[in-house]
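Source file: protein34.txt; contents: compact mmCIF, C-alpha atoms.
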```txt
# COMPACT_ATOMS: atom_id res chain seq x y z
CA MET Y 1 -6.94 -6.28 14.13
CA ALA Y 2 -5.80 -3.78 11.46
CA VAL Y 3 -2.99 -5.98 10.14
CA LEU Y 4 -0.97 -4.72 7.17
CA SER Y 5 2.24 -6.14 5.80
CA THR Y 6 4.79 -5.74 3.08
CA TRP Y 7 7.85 -7.70 2.09
CA ALA Y 8 10.97 -7.38 -0.02
CA VAL Y 9 13.50 -9.94 -1.18
CA ASP Y 10 17.19 -9.18 -0.64
CA LEU Y 11 18.89 -11.39 -3.22
CA ARG Y 12 22.43 -10.50 -2.09
CA GLN Y 13 21.80 -11.86 1.40
CA ALA Y 14 19.19 -14.45 0.31
CA ARG Y 15 16.67 -12.99 2.77
CA LEU Y 16 13.02 -12.15 2.84
CA ASN Y 17 12.43 -8.92 4.80
CA LEU Y 18 8.94 -8.78 6.24
CA VAL Y 19 7.28 -5.75 7.87
CA VAL Y 20 4.02 -6.35 9.73
CA GLN Y 21 1.94 -3.57 11.26
CA SER Y 22 -0.99 -4.23 13.57
CA SER Y 23 -3.01 -2.53 16.24
CA LEU Y 24 -2.32 -5.47 18.60
CA PRO Y 25 1.07 -6.82 19.72
CA ALA Y 26 2.24 -9.72 17.55
CA ASP Y 27 2.97 -13.19 18.89
CA TRP Y 28 5.88 -14.66 16.91
CA SER Y 29 6.28 -17.70 19.20
CA GLY Y 30 4.59 -20.01 16.68
CA VAL Y 31 7.18 -19.33 13.97
CA PRO Y 32 9.90 -22.03 13.95
CA ARG Y 33 13.31 -20.61 14.93
CA ALA Y 34 14.91 -22.10 11.81
CA ALA Y 35 12.58 -19.97 9.65
CA LEU Y 36 13.93 -16.73 11.11
CA ALA Y 37 17.31 -15.24 10.22
CA GLU Y 38 17.06 -13.11 13.36
CA LYS Y 39 14.63 -12.45 16.18
CA PRO Y 40 11.64 -10.25 15.21
CA GLU Y 41 12.00 -6.60 16.30
CA PRO Y 42 8.69 -5.26 17.62
CA LEU Y 43 8.45 -1.47 17.58
CA THR Y 44 5.82 0.74 19.13
CA VAL Y 45 5.19 3.70 16.86
CA ASP Y 46 3.94 6.86 18.52
CA ARG Y 47 4.48 9.73 16.15
CA THR Y 48 2.74 13.03 15.57
CA PHE Y 49 2.54 14.55 12.09
CA ARG Y 50 2.02 18.24 11.36
CA ALA Y 51 0.64 19.88 8.24
CA GLY Y 52 3.54 20.88 5.99
CA GLU Y 53 5.87 18.15 7.30
CA GLN Y 54 7.67 16.17 4.61
CA VAL Y 55 8.30 12.43 4.87
CA ALA Y 56 9.99 9.96 2.54
CA PHE Y 57 7.68 7.07 1.72
CA ARG Y 58 7.55 3.67 0.06
CA THR Y 59 4.48 1.57 -0.62
CA VAL Y 60 3.58 -1.50 -2.61
CA VAL Y 61 0.08 -1.22 -4.04
CA ASN Y 62 -2.41 -3.19 -6.08
CA PRO Y 63 -3.36 -0.49 -8.61
CA VAL Y 64 -6.68 -1.51 -10.13
CA ARG Y 65 -9.58 0.20 -11.81
CA SER Y 66 -13.14 -1.00 -11.89
CA VAL Y 67 -14.77 -1.79 -15.21
CA PRO Y 68 -18.58 -1.63 -15.00
CA PRO Y 69 -20.58 -4.81 -15.62
CA PRO Y 70 -21.86 -5.32 -19.16
CA PRO Y 71 -25.27 -3.91 -20.07
CA GLY Y 72 -28.10 -6.28 -19.18
CA SER Y 73 -26.31 -7.71 -16.11
CA PRO Y 74 -28.50 -8.49 -13.10
CA PRO Y 75 -28.94 -5.64 -10.61
CA LYS Y 76 -26.16 -5.20 -8.04
CA THR Y 77 -23.67 -7.06 -10.28
CA ARG Y 78 -20.18 -5.89 -9.40
CA GLY Y 79 -17.81 -4.64 -12.04
CA THR Y 80 -14.49 -6.27 -12.77
CA ARG Y 81 -11.22 -5.07 -11.27
CA VAL Y 82 -8.61 -4.62 -13.97
CA PRO Y 83 -4.97 -3.95 -13.01
CA HIS Y 84 -2.96 -1.03 -14.29
CA THR Y 85 0.13 -2.51 -15.95
CA ARG Y 86 2.05 0.60 -17.01
CA PRO Y 87 4.00 2.88 -14.64
CA GLU Y 88 2.32 6.05 -15.92
CA HIS Y 89 -1.11 4.58 -15.17
CA VAL Y 90 0.01 3.51 -11.69
CA LYS Y 91 1.30 7.05 -11.07
CA GLY Y 92 -2.13 8.37 -12.14
CA TRP Y 93 -3.81 5.89 -9.78
CA PHE Y 94 -1.67 7.13 -6.88
CA THR Y 95 -2.03 10.82 -7.85
CA ARG Y 96 -5.83 10.51 -7.52
CA ARG Y 97 -5.27 9.62 -3.85
CA LEU Y 98 -3.13 12.66 -3.08
CA GLN Y 99 -4.81 15.41 -1.08
CA PRO Y 100 -3.68 18.97 -1.83
CA ALA Y 101 -3.97 21.43 1.07
CA GLY Y 102 -7.54 22.55 1.66
CA GLU Y 103 -9.09 19.67 -0.31
CA PRO Y 104 -11.54 17.21 1.32
CA ALA Y 105 -10.56 13.69 2.41
CA ILE Y 106 -12.92 12.18 -0.18
CA ALA Y 107 -12.41 13.26 -3.79
CA PRO Y 108 -15.44 14.31 -5.88
CA ASP Y 109 -15.27 10.92 -7.67
CA GLY Y 110 -15.43 9.06 -4.31
CA VAL Y 111 -11.74 8.12 -4.01
CA THR Y 112 -10.43 8.17 -0.43
CA ARG Y 113 -7.40 10.43 -0.19
CA ILE Y 114 -4.28 9.98 1.96
CA GLY Y 115 -3.94 13.37 3.71
CA ALA Y 116 -0.74 14.25 1.87
CA ASP Y 117 0.39 15.78 -1.41
CA ALA Y 118 3.50 15.21 -3.52
CA ASP Y 119 5.42 16.54 -6.48
CA THR Y 120 4.19 13.93 -8.95
CA GLY Y 121 7.22 14.50 -11.18
CA ARG Y 122 9.41 13.14 -8.39
CA ILE Y 123 7.42 9.99 -7.64
CA ALA Y 124 9.14 6.78 -8.77
CA VAL Y 125 7.06 3.80 -9.88
CA ARG Y 126 8.41 0.30 -10.40
CA MET Y 127 6.25 -2.54 -11.62
CA LEU Y 128 6.66 -5.71 -9.55
CA PRO Y 129 5.89 -9.31 -10.45
CA SER Y 130 2.31 -10.26 -9.71
CA VAL Y 131 1.60 -12.68 -6.88
CA SER Y 132 -0.92 -15.47 -6.86
CA SER Y 133 -2.88 -17.16 -4.16
CA PRO Y 134 -3.14 -20.89 -3.53
CA ALA Y 135 -6.45 -22.40 -2.46
CA PRO Y 136 -9.03 -21.26 -1.46
CA HIS Y 137 -8.62 -18.45 -4.02
CA LYS Y 138 -7.01 -20.55 -6.73
CA GLY Y 139 -6.28 -18.50 -9.82
CA LEU Y 140 -6.23 -15.17 -7.99
CA ARG Y 141 -3.44 -12.95 -9.40
CA ILE Y 142 -2.53 -9.64 -7.82
CA ALA Y 143 -0.76 -6.97 -9.83
CA ARG Y 144 1.71 -4.95 -7.76
CA ALA Y 145 3.72 -1.78 -8.10
CA GLU Y 146 6.18 -0.07 -5.78
CA ILE Y 147 5.83 3.69 -5.38
CA LYS Y 148 8.51 5.85 -3.72
CA GLY Y 149 8.95 9.55 -3.15
CA THR Y 150 8.35 12.36 -0.69
CA LEU Y 151 4.97 13.30 0.73
CA THR Y 152 3.97 16.63 2.26
CA VAL Y 153 1.36 16.13 4.99
CA THR Y 154 -1.73 18.30 4.35
CA ASP Y 155 -4.27 16.73 6.72
CA PRO Y 156 -2.56 14.94 9.65
CA LYS Y 157 -5.69 13.10 10.82
CA VAL Y 158 -6.40 11.68 7.35
CA PHE Y 159 -2.69 10.91 6.86
CA VAL Y 160 -2.53 8.84 10.07
CA ALA Y 161 -5.70 7.00 8.96
CA ALA Y 162 -4.01 6.12 5.65
CA LEU Y 163 -0.91 4.90 7.49
CA THR Y 164 -3.05 2.84 9.86
CA GLN Y 165 -5.55 1.40 7.36
CA GLY Y 166 -3.46 1.26 4.19
CA ILE Y 167 -4.57 2.18 0.69
CA GLY Y 168 -6.10 0.34 -2.23
CA HIS Y 169 -7.09 -3.29 -2.59
CA ALA Y 170 -5.29 -6.55 -1.75
CA ARG Y 171 -4.20 -5.44 1.72
CA ALA Y 172 -4.51 -9.06 2.89
CA TYR Y 173 -1.88 -9.96 0.27
CA GLY Y 174 0.89 -7.52 1.28
CA CYS Y 175 -0.32 -4.40 -0.54
CA GLY Y 176 -1.31 -0.98 0.77
CA LEU Y 177 1.03 -0.45 3.72
CA ILE Y 178 2.65 3.01 3.51
CA LEU Y 179 6.12 3.08 5.11
CA VAL Y 180 7.43 6.53 6.07
CA ARG Y 181 10.52 8.00 7.65
```

What does the file become when written as structure tokens?
Amino acid sequence: MAVLSTWAVDLRQARLNLVVQSSLPADWSGVPRAALAEKPEPLTVDRTFRAGEQVAFRTVVNPVRSVPPPPGSPPKTRGTRVPHTRPEHVKGWFTRRLQPAGEPAIAPDGVTRIGADADTGRIAVRMLPSVSSPAPHKGLRIARAEIKGTLTVTDPKVFVAALTQGIGHARAYGCGLILVR
């Protein structure tokens, strides 16, 4: 269903702001009225992007790197995902996903790019508290970071795919949705 979400807490108004994006219309009828400060506002987004267009963006990501399994592990053993915990490492994580004009959608190291480039000196990174999951994934902790700045679209088709599919891991836990304006 291509569902992505992100949320932010507004402490001044004691509100949780939730943004949900999906390829299918949402049905909010099952949410108790008392749980909502106001009625949900569904929007249909139909926007065309052109190469060279600049857009302001915000995203919350789960910036992780994979550490290979130890020597002697059984075949097909997956490595361990280790979170980046410093803003400069998160910025590096995001920079690897940028796609300068004329570059392919997949980087030489296999990283999927986002179809846009940015002035990395003007990207702001803020580390956020990690979130955890109750059962069935008890003990799961997700590192998060907010990234803001301006993107220049270099490959509109790849850019729309990144907006639609999100980036990085933990998309089921509110990470990866790129908001633009």

Kindly give the distance, in Å, that separates CA of Gly166 (chain Y) and CA of Glu38 (chain Y), rounded to a single decimal. 26.7 Å

Neighbours of Arg78 (chain Y) within 10 Å (only C-alpha atoms; same-chain residues fewer than 6 positions away dropped), as an MDAnalysis selection string? chainID Y and resid 66:70

Residue selection dump (C-alpha atoms) as a tab-separated table (two decimals), keeping the file's coordinate frame:
```
chain	number	residue	atom	x	y	z
Y	66	SER	CA	-13.14	-1.00	-11.89
Y	67	VAL	CA	-14.77	-1.79	-15.21
Y	68	PRO	CA	-18.58	-1.63	-15.00
Y	69	PRO	CA	-20.58	-4.81	-15.62
Y	70	PRO	CA	-21.86	-5.32	-19.16
```

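The spacing separating CA of Gly149 (chain Y) from CA of Leu11 (chain Y) amounts to 23.2 Å.
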
Out of Y:Val55, Y:Leu163, Y:Ala118, Y:Ala135, which residue has the shortest atom-to-atom distance to Ser23 (chain Y) when counting all atoms listed in the file?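 Looking only at the distances to Ser23 (chain Y), the closest residue turns out to be Y:Leu163.
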
Taking (-0.9, -1.5, -2.6) in the file's coordinates, which residues come within 6 Å, counting all atoms listed in the file, written as number ranges by chain? Y: 60-62, 168, 175-176

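The residue that comes closest to Val45 (chain Y), out of Y:Pro63, Y:Pro32, Y:Pro25, Y:Pro108 and on the basis of all atoms listed in the file, is Y:Pro25.
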
Selection as a VMD selection string: residues within 12 Å of (-5.6, -6.0, -13.2), counting only C-alpha atoms: chain Y and resid 61 to 67 80 to 86 89 to 90 130 to 131 140 to 145 169 to 170

Residues within 10 Å of Pro104 (chain Y), please, as a compact mmCIF listing (two decimals) with C-alpha atoms, in the coordinates of the input. Count all atoms listed in the file; anything in the same chain fewer than 6 positions from it doesn't count.
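This went into selection.txt:
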```
# COMPACT_ATOMS: atom_id res chain seq x y z
CA THR Y 112 -10.43 8.17 -0.43
CA ARG Y 113 -7.40 10.43 -0.19
CA GLY Y 115 -3.94 13.37 3.71
CA ASP Y 155 -4.27 16.73 6.72
CA VAL Y 158 -6.40 11.68 7.35
```

Looking at only C-alpha atoms, which of Y:Ile178, Y:Ala101, Y:Val125, Y:Ala8 is the one that sits closest to Pro87 (chain Y)? Y:Val125

CA of Arg171 (chain Y) to CA of Ser5 (chain Y), distance in Å rounded to a single decimal: 7.7 Å
